[in-house]
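File shown: start04.txt (compact mmCIF, C-alpha atoms).
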```txt
# COMPACT_ATOMS: atom_id res chain seq x y z
CA MET A 1 -76.31 -115.98 1.39
CA LYS A 2 -75.93 -119.78 1.42
CA GLN A 3 -72.83 -119.51 -0.76
CA TYR A 4 -71.23 -117.12 1.69
CA VAL A 5 -72.10 -119.38 4.63
CA PHE A 6 -70.47 -122.26 2.79
CA THR A 7 -67.40 -120.10 2.15
CA VAL A 8 -67.11 -119.23 5.84
CA LEU A 9 -67.49 -122.86 6.96
CA PHE A 10 -65.10 -124.18 4.32
CA THR A 11 -62.42 -121.60 5.14
CA ALA A 12 -62.83 -122.17 8.88
CA THR A 13 -62.50 -125.94 8.52
CA VAL A 14 -59.44 -125.81 6.27
CA THR A 15 -57.77 -123.16 8.44
CA PHE A 16 -58.42 -125.09 11.65
CA VAL A 17 -56.92 -128.31 10.26
CA LEU A 18 -53.90 -126.51 8.84
CA THR A 19 -53.45 -124.53 12.07
CA TRP A 20 -53.23 -127.78 14.01
CA VAL A 21 -50.73 -129.18 11.48
CA VAL A 22 -48.56 -126.04 11.61
CA TRP A 23 -48.64 -126.10 15.40
CA ARG A 24 -47.50 -129.71 15.57
CA LEU A 25 -44.76 -129.20 12.99
CA SER A 26 -43.55 -126.06 14.74
CA LEU A 27 -43.21 -127.93 18.01
CA ARG A 28 -41.52 -130.89 16.38
CA PHE A 29 -38.88 -128.80 14.61
CA LYS A 30 -38.70 -126.12 17.34
CA LEU A 31 -39.76 -123.32 14.99
CA TYR A 32 -40.30 -120.67 17.61
CA PRO A 33 -38.25 -117.71 18.84
CA GLY A 34 -37.27 -116.89 22.39
CA ILE A 35 -39.17 -114.55 24.69
CA ARG A 36 -38.66 -110.85 23.95
CA GLU A 37 -38.71 -108.12 26.57
CA ARG A 38 -41.99 -106.66 25.27
CA ASP A 39 -43.77 -110.04 25.09
CA VAL A 40 -46.61 -110.78 27.49
CA HIS A 41 -46.39 -114.58 27.27
CA LYS A 42 -43.74 -116.41 29.30
CA THR A 43 -43.42 -119.66 27.33
CA PRO A 44 -41.79 -119.86 23.86
CA THR A 45 -44.68 -120.24 21.42
CA PRO A 46 -44.68 -120.88 17.65
CA ARG A 47 -45.55 -117.82 15.54
CA LEU A 48 -46.35 -119.45 12.20
CA GLY A 49 -50.14 -119.47 12.44
CA GLY A 50 -50.28 -116.95 9.61
CA VAL A 51 -49.11 -119.67 7.23
CA ALA A 52 -52.15 -121.80 8.03
CA MET A 53 -54.46 -118.83 7.68
CA PHE A 54 -52.94 -117.93 4.32
CA LEU A 55 -53.35 -121.45 2.99
CA GLY A 56 -56.96 -121.45 4.17
CA VAL A 57 -57.56 -118.17 2.34
CA VAL A 58 -55.96 -119.50 -0.86
CA ALA A 59 -58.06 -122.67 -0.67
CA ALA A 60 -61.23 -120.58 -0.31
CA PHE A 61 -60.39 -118.45 -3.33
CA LEU A 62 -59.58 -121.52 -5.42
CA VAL A 63 -62.94 -123.04 -4.56
CA SER A 64 -64.70 -119.75 -5.33
CA SER A 65 -63.12 -119.74 -8.79
CA GLN A 66 -65.04 -122.93 -9.56
CA ASN A 67 -68.29 -121.67 -8.06
CA PRO A 68 -70.57 -120.12 -10.71
CA PHE A 69 -72.10 -117.82 -8.11
CA PHE A 70 -68.73 -116.07 -7.77
CA SER A 71 -68.03 -115.91 -11.49
CA ILE A 72 -68.44 -112.14 -11.45
CA VAL A 73 -65.48 -111.89 -9.07
CA TRP A 74 -63.32 -113.80 -11.53
CA LEU A 75 -64.38 -111.89 -14.66
CA GLU A 76 -61.21 -109.83 -14.15
CA PRO A 77 -58.94 -112.44 -12.53
CA ARG A 78 -55.90 -110.16 -12.46
CA THR A 79 -57.28 -108.35 -9.40
CA VAL A 80 -57.70 -111.52 -7.34
CA ILE A 81 -54.39 -112.93 -8.57
CA ALA A 82 -52.57 -109.71 -7.70
CA ILE A 83 -54.10 -109.76 -4.21
CA LEU A 84 -53.01 -113.38 -3.66
CA ILE A 85 -49.48 -112.70 -4.94
CA ALA A 86 -49.16 -109.67 -2.70
CA THR A 87 -50.51 -111.64 0.25
CA ALA A 88 -48.01 -114.45 -0.42
CA LEU A 89 -45.16 -111.91 -0.41
CA ILE A 90 -46.32 -110.47 2.90
CA VAL A 91 -46.64 -113.93 4.44
CA VAL A 92 -43.13 -114.92 3.33
CA VAL A 93 -41.64 -111.72 4.73
CA GLY A 94 -43.69 -112.11 7.91
CA VAL A 95 -42.48 -115.66 8.44
CA ALA A 96 -38.88 -114.55 7.92
CA ASP A 97 -39.38 -111.79 10.48
CA ASP A 98 -41.01 -114.15 12.97
CA LEU A 99 -38.07 -116.54 12.68
CA PHE A 100 -35.12 -114.20 12.14
CA ASP A 101 -36.31 -110.71 13.23
CA LEU A 102 -35.84 -108.70 10.03
CA ASP A 103 -34.94 -105.02 9.95
CA TRP A 104 -38.04 -102.82 10.00
CA MET A 105 -37.07 -101.13 6.73
CA VAL A 106 -37.03 -104.48 4.94
CA LYS A 107 -40.53 -105.24 6.21
CA LEU A 108 -41.83 -101.80 5.33
CA GLY A 109 -40.32 -102.00 1.86
CA ALA A 110 -42.01 -105.36 1.28
CA GLN A 111 -45.33 -103.88 2.40
CA PHE A 112 -45.06 -101.07 -0.15
CA VAL A 113 -44.15 -103.58 -2.87
CA ALA A 114 -47.16 -105.74 -1.98
CA ALA A 115 -49.50 -102.75 -1.95
CA GLY A 116 -48.02 -101.62 -5.27
CA ILE A 117 -48.71 -105.02 -6.83
CA ILE A 118 -52.37 -104.74 -5.85
CA ALA A 119 -52.77 -101.14 -7.00
CA TRP A 120 -50.69 -101.33 -10.20
CA PHE A 121 -51.00 -104.85 -11.55
CA GLY A 122 -54.31 -105.67 -9.91
CA GLY A 123 -55.88 -102.35 -10.82
CA LEU A 124 -57.53 -102.11 -7.38
CA GLN A 125 -57.39 -98.42 -6.54
CA ILE A 126 -59.31 -95.70 -4.75
CA TYR A 127 -60.88 -93.74 -7.59
CA THR A 128 -63.57 -91.91 -5.65
CA LEU A 129 -64.22 -90.87 -2.08
CA PRO A 130 -67.86 -90.83 -0.94
CA ILE A 131 -67.68 -87.22 0.19
CA GLY A 132 -69.98 -85.30 -2.08
CA ASP A 133 -68.75 -85.90 -5.63
CA LEU A 134 -65.03 -86.06 -4.83
CA ILE A 135 -63.03 -87.91 -7.49
CA ILE A 136 -59.30 -88.55 -7.18
CA GLY A 137 -57.57 -86.13 -9.52
CA SER A 138 -55.03 -88.30 -11.31
CA GLY A 139 -53.84 -91.86 -11.76
CA TRP A 140 -50.76 -91.26 -9.62
CA GLN A 141 -52.79 -89.72 -6.82
CA SER A 142 -55.10 -92.71 -6.85
CA PHE A 143 -52.16 -95.11 -6.88
CA LEU A 144 -50.32 -93.41 -4.02
CA LEU A 145 -53.45 -93.05 -1.89
CA THR A 146 -54.26 -96.73 -2.38
CA VAL A 147 -50.74 -97.91 -1.54
CA LEU A 148 -50.55 -95.70 1.53
CA SER A 149 -53.98 -96.85 2.75
CA ILE A 150 -53.07 -100.53 2.44
CA VAL A 151 -49.74 -100.08 4.23
CA ILE A 152 -51.34 -98.12 7.08
CA VAL A 153 -54.08 -100.70 7.68
CA MET A 154 -51.55 -103.55 7.53
CA ASN A 155 -49.39 -101.97 10.21
CA ALA A 156 -52.37 -100.89 12.30
CA VAL A 157 -53.62 -104.48 12.56
CA ASN A 158 -50.10 -105.78 13.19
CA PHE A 159 -49.49 -103.27 15.98
CA ILE A 160 -52.28 -104.65 18.20
CA ASP A 161 -50.99 -108.22 17.92
CA GLY A 162 -49.81 -108.69 21.48
CA LEU A 163 -52.34 -110.78 23.41
CA ASP A 164 -53.80 -114.24 22.91
CA GLY A 165 -56.75 -114.10 20.53
CA LEU A 166 -56.69 -110.30 20.24
CA VAL A 167 -56.12 -109.76 16.51
CA ALA A 168 -58.12 -112.79 15.37
CA GLY A 169 -61.12 -111.80 17.48
CA VAL A 170 -61.06 -108.09 16.62
CA CYS A 171 -60.73 -108.90 12.92
CA LEU A 172 -63.50 -111.48 13.19
CA ILE A 173 -65.90 -108.91 14.63
CA ALA A 174 -64.80 -106.24 12.16
CA ASN A 175 -65.28 -108.50 9.16
CA VAL A 176 -68.70 -109.73 10.32
CA VAL A 177 -69.86 -106.11 10.48
CA PHE A 178 -68.22 -105.22 7.17
CA PHE A 179 -69.72 -108.31 5.54
CA ALA A 180 -73.20 -107.21 6.59
CA TYR A 181 -72.51 -103.68 5.40
CA SER A 182 -71.16 -104.67 1.97
CA TYR A 183 -74.00 -107.16 1.49
CA LEU A 184 -76.61 -104.50 2.25
CA LEU A 185 -74.77 -101.90 0.20
CA ALA A 186 -74.99 -104.12 -2.88
CA ARG A 187 -78.74 -104.21 -2.39
CA ASP A 188 -79.15 -100.51 -1.72
CA THR A 189 -77.08 -99.35 -4.69
CA GLY A 190 -79.16 -101.41 -7.11
CA GLN A 191 -76.50 -103.96 -8.04
CA ASN A 192 -77.87 -107.01 -9.82
CA THR A 193 -75.95 -109.46 -7.64
CA TYR A 194 -74.87 -109.79 -4.03
CA PHE A 195 -71.64 -111.48 -5.08
CA ASN A 196 -68.66 -109.15 -5.17
CA LEU A 197 -65.00 -109.14 -4.18
CA ALA A 198 -65.44 -107.09 -1.01
CA THR A 199 -68.06 -109.40 0.49
CA LEU A 200 -66.15 -112.52 -0.57
CA ILE A 201 -62.96 -111.30 1.11
CA ALA A 202 -64.90 -110.48 4.29
CA ALA A 203 -66.46 -113.97 4.33
CA VAL A 204 -63.09 -115.62 3.76
CA LEU A 205 -61.50 -113.63 6.59
CA ILE A 206 -64.37 -114.51 8.93
CA GLY A 207 -63.71 -118.18 8.24
CA ALA A 208 -59.94 -117.83 8.63
CA CYS A 209 -60.32 -116.11 12.01
CA ILE A 210 -62.85 -118.68 13.25
CA GLY A 211 -60.58 -121.53 12.22
CA PHE A 212 -57.52 -120.00 13.86
CA LEU A 213 -59.02 -118.83 17.17
CA PRO A 214 -59.33 -122.25 18.90
CA LEU A 215 -55.55 -122.64 19.06
CA ASN A 216 -54.94 -118.93 19.59
CA TRP A 217 -57.32 -118.40 22.50
CA SER A 218 -55.74 -117.91 25.92
CA PRO A 219 -53.55 -119.72 26.74
CA ALA A 220 -52.47 -119.71 23.09
CA LYS A 221 -50.73 -122.71 21.59
CA LEU A 222 -49.92 -120.83 18.38
CA PHE A 223 -49.56 -117.18 17.35
CA MET A 224 -50.35 -115.81 13.90
CA GLY A 225 -47.19 -113.71 13.93
CA ASP A 226 -46.47 -110.84 11.57
CA SER A 227 -47.39 -113.07 8.64
CA GLY A 228 -50.97 -113.46 9.85
CA ALA A 229 -51.54 -109.96 11.20
CA LEU A 230 -50.14 -108.23 8.11
CA MET A 231 -52.16 -110.56 5.88
CA LEU A 232 -55.38 -109.72 7.70
CA GLY A 233 -54.67 -106.00 7.44
CA LEU A 234 -53.86 -106.24 3.74
CA LEU A 235 -57.00 -108.19 2.87
CA MET A 236 -59.24 -105.97 4.99
CA ALA A 237 -57.87 -102.92 3.21
CA CYS A 238 -58.48 -104.56 -0.16
CA SER A 239 -62.04 -105.41 0.83
CA ALA A 240 -62.79 -101.81 1.83
CA ILE A 241 -61.14 -100.33 -1.27
CA SER A 242 -62.89 -102.69 -3.64
CA ILE A 243 -66.30 -101.46 -2.54
CA THR A 244 -65.83 -97.98 -1.05
CA GLY A 245 -63.12 -96.52 -3.25
CA GLN A 246 -64.83 -97.44 -6.49
CA LEU A 247 -68.46 -96.48 -5.90
CA SER A 248 -69.91 -94.07 -8.41
CA PRO A 249 -70.47 -90.66 -6.76
CA GLU A 250 -73.95 -90.55 -8.27
CA LEU A 251 -74.90 -93.56 -6.17
CA LEU A 252 -73.99 -91.64 -3.05
CA ASP A 253 -76.44 -88.82 -3.64
CA PRO A 254 -77.97 -88.24 -0.18
CA GLU A 255 -81.43 -87.89 -1.72
CA ARG A 256 -81.15 -91.41 -3.13
CA PHE A 257 -78.74 -93.08 -0.75
CA GLY A 258 -80.18 -92.26 2.64
CA ARG A 259 -82.52 -89.83 4.31
CA SER A 260 -79.77 -88.30 6.41
CA GLN A 261 -77.52 -86.13 4.26
CA LEU A 262 -74.64 -86.55 6.67
CA LEU A 263 -74.83 -90.32 6.84
CA GLY A 264 -75.83 -90.70 3.22
CA ALA A 265 -72.59 -89.06 2.16
CA PHE A 266 -70.19 -90.34 4.78
CA ILE A 267 -71.25 -93.85 5.84
CA PRO A 268 -69.39 -95.63 3.01
CA ILE A 269 -66.11 -94.17 4.21
CA ILE A 270 -66.87 -94.04 7.95
CA LEU A 271 -67.67 -97.71 8.47
CA PRO A 272 -64.57 -99.22 6.80
CA ILE A 273 -62.50 -96.95 9.07
CA VAL A 274 -64.57 -97.62 12.18
CA VAL A 275 -64.17 -101.40 11.97
CA VAL A 276 -60.39 -100.95 12.33
CA LEU A 277 -60.64 -97.92 14.61
CA LEU A 278 -58.76 -99.43 17.57
CA PRO A 279 -55.84 -100.69 15.44
CA LEU A 280 -55.64 -97.31 13.67
CA LEU A 281 -55.72 -95.47 17.02
CA ASP A 282 -52.98 -97.68 18.45
CA PHE A 283 -50.91 -97.24 15.29
CA GLY A 284 -51.27 -93.46 15.32
CA LEU A 285 -50.37 -93.16 19.00
CA ALA A 286 -47.35 -95.43 18.55
CA VAL A 287 -46.01 -93.43 15.61
CA ILE A 288 -46.40 -90.12 17.48
CA ARG A 289 -44.90 -91.55 20.67
CA ARG A 290 -41.83 -93.01 18.97
CA MET A 291 -41.14 -90.04 16.73
CA ARG A 292 -41.32 -87.70 19.72
CA ALA A 293 -38.69 -89.88 21.38
CA GLY A 294 -36.51 -89.62 18.28
CA LYS A 295 -37.00 -93.27 17.37
CA SER A 296 -38.21 -95.05 14.26
CA PRO A 297 -42.03 -95.20 14.12
CA PHE A 298 -41.65 -98.97 13.70
CA SER A 299 -39.29 -99.56 16.62
CA PRO A 300 -40.94 -101.97 19.10
CA ASP A 301 -41.93 -100.94 22.61
CA ARG A 302 -44.25 -101.99 25.41
CA LYS A 303 -46.64 -99.05 25.36
CA HIS A 304 -49.40 -100.25 23.05
CA LEU A 305 -53.01 -99.99 24.17
CA HIS A 306 -53.13 -103.63 25.23
CA HIS A 307 -49.96 -103.18 27.30
CA ARG A 308 -51.50 -100.15 29.00
CA MET A 309 -54.61 -102.16 29.84
CA LEU A 310 -52.48 -104.82 31.47
CA ASP A 311 -50.70 -102.12 33.47
CA MET A 312 -54.11 -100.83 34.62
CA GLY A 313 -54.77 -104.17 36.26
CA HIS A 314 -56.66 -106.13 33.62
CA SER A 315 -55.85 -109.77 33.04
CA ASP A 316 -54.79 -110.85 29.55
CA ARG A 317 -58.18 -112.39 28.80
CA ASP A 318 -60.16 -109.46 30.22
CA ALA A 319 -58.15 -107.00 28.12
CA VAL A 320 -58.92 -109.02 24.99
CA LEU A 321 -62.64 -109.14 25.78
CA ILE A 322 -62.68 -105.38 26.35
CA PHE A 323 -61.05 -104.85 22.95
CA TYR A 324 -63.74 -107.07 21.46
CA SER A 325 -66.42 -104.97 23.16
CA TRP A 326 -65.05 -101.66 21.90
CA THR A 327 -64.82 -103.01 18.35
CA ALA A 328 -68.33 -104.47 18.41
CA VAL A 329 -69.98 -101.42 19.99
CA VAL A 330 -68.49 -98.81 17.68
CA SER A 331 -68.82 -100.76 14.44
CA LEU A 332 -72.34 -102.03 15.17
CA ALA A 333 -73.48 -98.53 16.12
CA VAL A 334 -72.38 -97.15 12.74
CA LEU A 335 -73.90 -100.13 10.93
CA LEU A 336 -77.23 -99.51 12.66
CA MET A 337 -77.06 -95.85 11.62
CA TYR A 338 -76.71 -96.98 8.04
CA VAL A 339 -79.53 -99.51 8.27
CA GLY A 340 -81.76 -96.99 10.00
CA THR A 341 -81.47 -94.47 7.19
CA GLN A 342 -82.09 -97.10 4.52
CA GLU A 343 -85.05 -98.74 6.21
CA GLU A 344 -86.51 -95.40 7.29
CA TRP A 345 -86.63 -96.35 10.95
CA PRO A 346 -88.14 -93.77 13.32
CA GLY A 347 -85.42 -91.27 14.02
CA ASP A 348 -83.29 -92.66 11.19
CA TYR A 349 -79.93 -93.19 12.84
CA LEU A 350 -80.90 -92.44 16.46
CA LEU A 351 -80.95 -96.14 17.42
CA GLY A 352 -77.35 -96.46 16.30
CA VAL A 353 -76.40 -93.31 18.18
CA ALA A 354 -78.12 -94.62 21.32
CA LEU A 355 -76.34 -97.98 21.08
CA GLY A 356 -73.04 -96.20 20.55
CA ALA A 357 -73.53 -93.86 23.50
CA VAL A 358 -74.62 -96.57 25.94
CA GLY A 359 -71.98 -98.98 24.65
CA VAL A 360 -69.14 -96.47 24.88
CA ILE A 361 -70.10 -95.55 28.45
CA ALA A 362 -70.26 -99.23 29.42
CA CYS A 363 -66.89 -99.92 27.79
CA LEU A 364 -65.32 -96.94 29.54
CA VAL A 365 -66.58 -98.14 32.92
CA VAL A 366 -65.26 -101.66 32.35
CA THR A 367 -61.97 -100.35 31.00
CA LEU A 368 -61.31 -97.98 33.91
CA LEU A 369 -62.70 -100.15 36.72
CA PRO A 370 -59.49 -102.08 37.55
CA ALA A 371 -57.58 -98.82 37.95
CA ARG A 372 -60.18 -97.57 40.45
CA GLN A 373 -60.14 -100.83 42.37
CA ARG A 374 -56.38 -100.82 42.49
CA GLY A 375 -56.45 -97.23 43.75
CA ARG A 376 -58.88 -98.16 46.54
CA SER A 377 -56.77 -101.19 47.51
CA ALA A 378 -53.68 -99.06 47.75
CA ALA A 379 -55.53 -96.51 49.87
CA ASP A 380 -56.71 -99.21 52.27
CA VAL A 381 -53.17 -100.41 52.97
CA PRO A 382 -51.95 -98.83 56.22
CA GLN A 383 -48.90 -96.59 55.75
CA GLU A 384 -45.86 -97.08 57.96
CA ALA A 385 -44.98 -94.20 60.18
CA SER A 386 -41.94 -92.30 58.99
```
Show me this structure written as structure tokens.
Amino acid sequence: MKQYVFTVLFTATVTFVLTWVVWRLSLRFKLYPGIRERDVHKTPTPRLGGVAMFLGVVAAFLVSSQNPFFSIVWLEPRTVIAILIATALIVVVGVADDLFDLDWMVKLGAQFVAAGIIAWFGGLQIYTLPIGDLIIGSGWQSFLLTVLSIVIVMNAVNFIDGLDGLVAGVCLIANVVFFAYSYLLARDTGQNTYFNLATLIAAVLIGACIGFLPLNWSPAKLFMGDSGALMLGLLMACSAISITGQLSPELLDPERFGRSQLLGAFIPIILPIVVVLLPLLDFGLAVIRRMRAGKSPFSPDRKHLHHRMLDMGHSDRDAVLIFYSWTAVVSLAVLLMYVGTQEEWPGDYLLGVALGAVGVIACLVVTLLPARQRGRSAADVPQEAS
């Protein structure tokens, strides 16, 4: 655990310093676009924070390559190298889009190329799904499923990037939960080491988000832009695939891998999805909404979940904190279900269910409260006689 703590602190420190440097350089050379109609902020703000985050991630991986504790991660270096190359491509395309507003097809094409690099050259693919003994039928099916999964998660994370500190905070919470899950999973599946690619990526992303948040918190001095949001989505997808999509089905036998047959079979695939549930929900709603209107699913609009929360009466900061709460409640509830079945707590997963139920109710109340208050205020205003 000490090595992972060092990784988090190192990545956070490097990212924070580089974030400050990128911010200063962006202001000096006026590297920021104008205000768009769908933007919430009113002051032109640099969008190159993703560059600093990427450099912090690269620095962390370089240091890990010299750390004997992470030698198992580098036994097959092509996977890590492919991930870094794909991430670099996404960051370059994201920077170009942040500065010059690229066509959506160019961005989507680059995302498929990046995902293909990881799946083809890196060999990181979804070979099994922890649903019974389901194994992907062919190499092409595995390749296509992996590429599609990476692209979807990338866009899901990018779609919620609209408020100060929103993406960095949501991804921070998600990766803390996923780090704990992957760390415990290594123990529970009988692996001889806690050091693996999934947990390392989660630790690196925790550090990158911590280092970036101080300058991204409201009022933000710097945005991560498409380069940062797409990078986070790509790496989170890689982290989930590297541990969930390659587990041996025998290890997921409910009799061995948890007292609850339901959770024993489904937790390894539920939790990686749950930690990005809000981005995936926003992404799905956006695609449906735009296609119904006869538009491209990637055409921008001002109807994302965070925009709707602002329209309900929430302030920018309150909306962000509510997003944090939803992410923490749902992901922690599922994590507690997993821990409960492994540790044989009374009721197995009931503590997680209870936390989820109470947390969801609390989040719903906080989310809907401004709309109720606004309705009461409107009702109290005397109407003019017609």
TODO: Using only C-alpha atoms, find the one residue out of A:Ala186, A:Leu230, A:Val113, A:Ala12 that sits nearest to A:Ala156.
DONE: A:Leu230
- [ ] For atom CA of A:Phe54 and atom CA of A:Arg317, quote the distance in Å rounded to one decimal.
- [x]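 Between these atoms lies a distance of 25.6 Å.
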Task: Selected residue, from A:Thr327, A:Gln66, A:Gln3, A:Ser227, that lies nearest to A:Val93 when counting all atoms listed in the file - done: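 So, comparing all the options, the nearest one is A:Ser227.
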Open item on the list: Using Å and a single decimal, report how far atom CA of A:Leu234 sits from atom CA of A:Met154.
Closed with: 5.2 Å
Task: Selection near A:Arg78, 10 Å with only C-alpha atoms, sequence-local residues under 2 positions removed, as JSON, numbers by chain - done: {"A": [74, 75, 76, 80, 81, 82, 83, 84, 118, 121, 122, 123, 124]}
Open item on the list: Would you pick out the contacts of A:Val157 at 12 Å or less, using only C-alpha atoms, so that residues sharing its chain but fewer than 2 positions from it are not included, and give the list as an MDAnalysis selection string?
Closed with: chainID A and resid 150:155 159:162 166:171 174 224:237 275:284
TODO: Kindly indicate which residue among A:Ala180, A:Leu335, A:Leu321, A:Leu31 lies nearest to A:Val366, using all atoms listed in the file for the distances.
DONE: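 Distance minimum relative to A:Val366 lands on A:Leu321.
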Open item on the list: What's the separation between atom CA of A:Cys209 and atom CA of A:Leu172, in Å to one decimal place?
Closed with: 5.7 Å
Open item on the list: Considering all atoms listed in the file, can you say which of A:Tyr127, A:Val329, A:His304, A:Leu336 comes closest to A:Ala357?
Closed with: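 Ranking A:Tyr127, A:Val329, A:His304, A:Leu336 by distance to A:Ala357, first place goes to A:Val329.
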Task: Exercise: A:Leu332 partners within 12 Å, only C-alpha atoms, chain neighbours under 3 positions left out, as a PyMOL selection string - done: chain A and resi 173-181+271-272+274-275+324-329+335-340+349+351-357+359-360
- [ ] With all atoms listed in the file counted, which protein, DNA or RNA residues have an atom no more than 12 Å from (-38.4, -97.3, 19.2) in the file frame? Please answer as an MDAnalysis selection string.
- [x] chainID A and resid 38 104 286:303
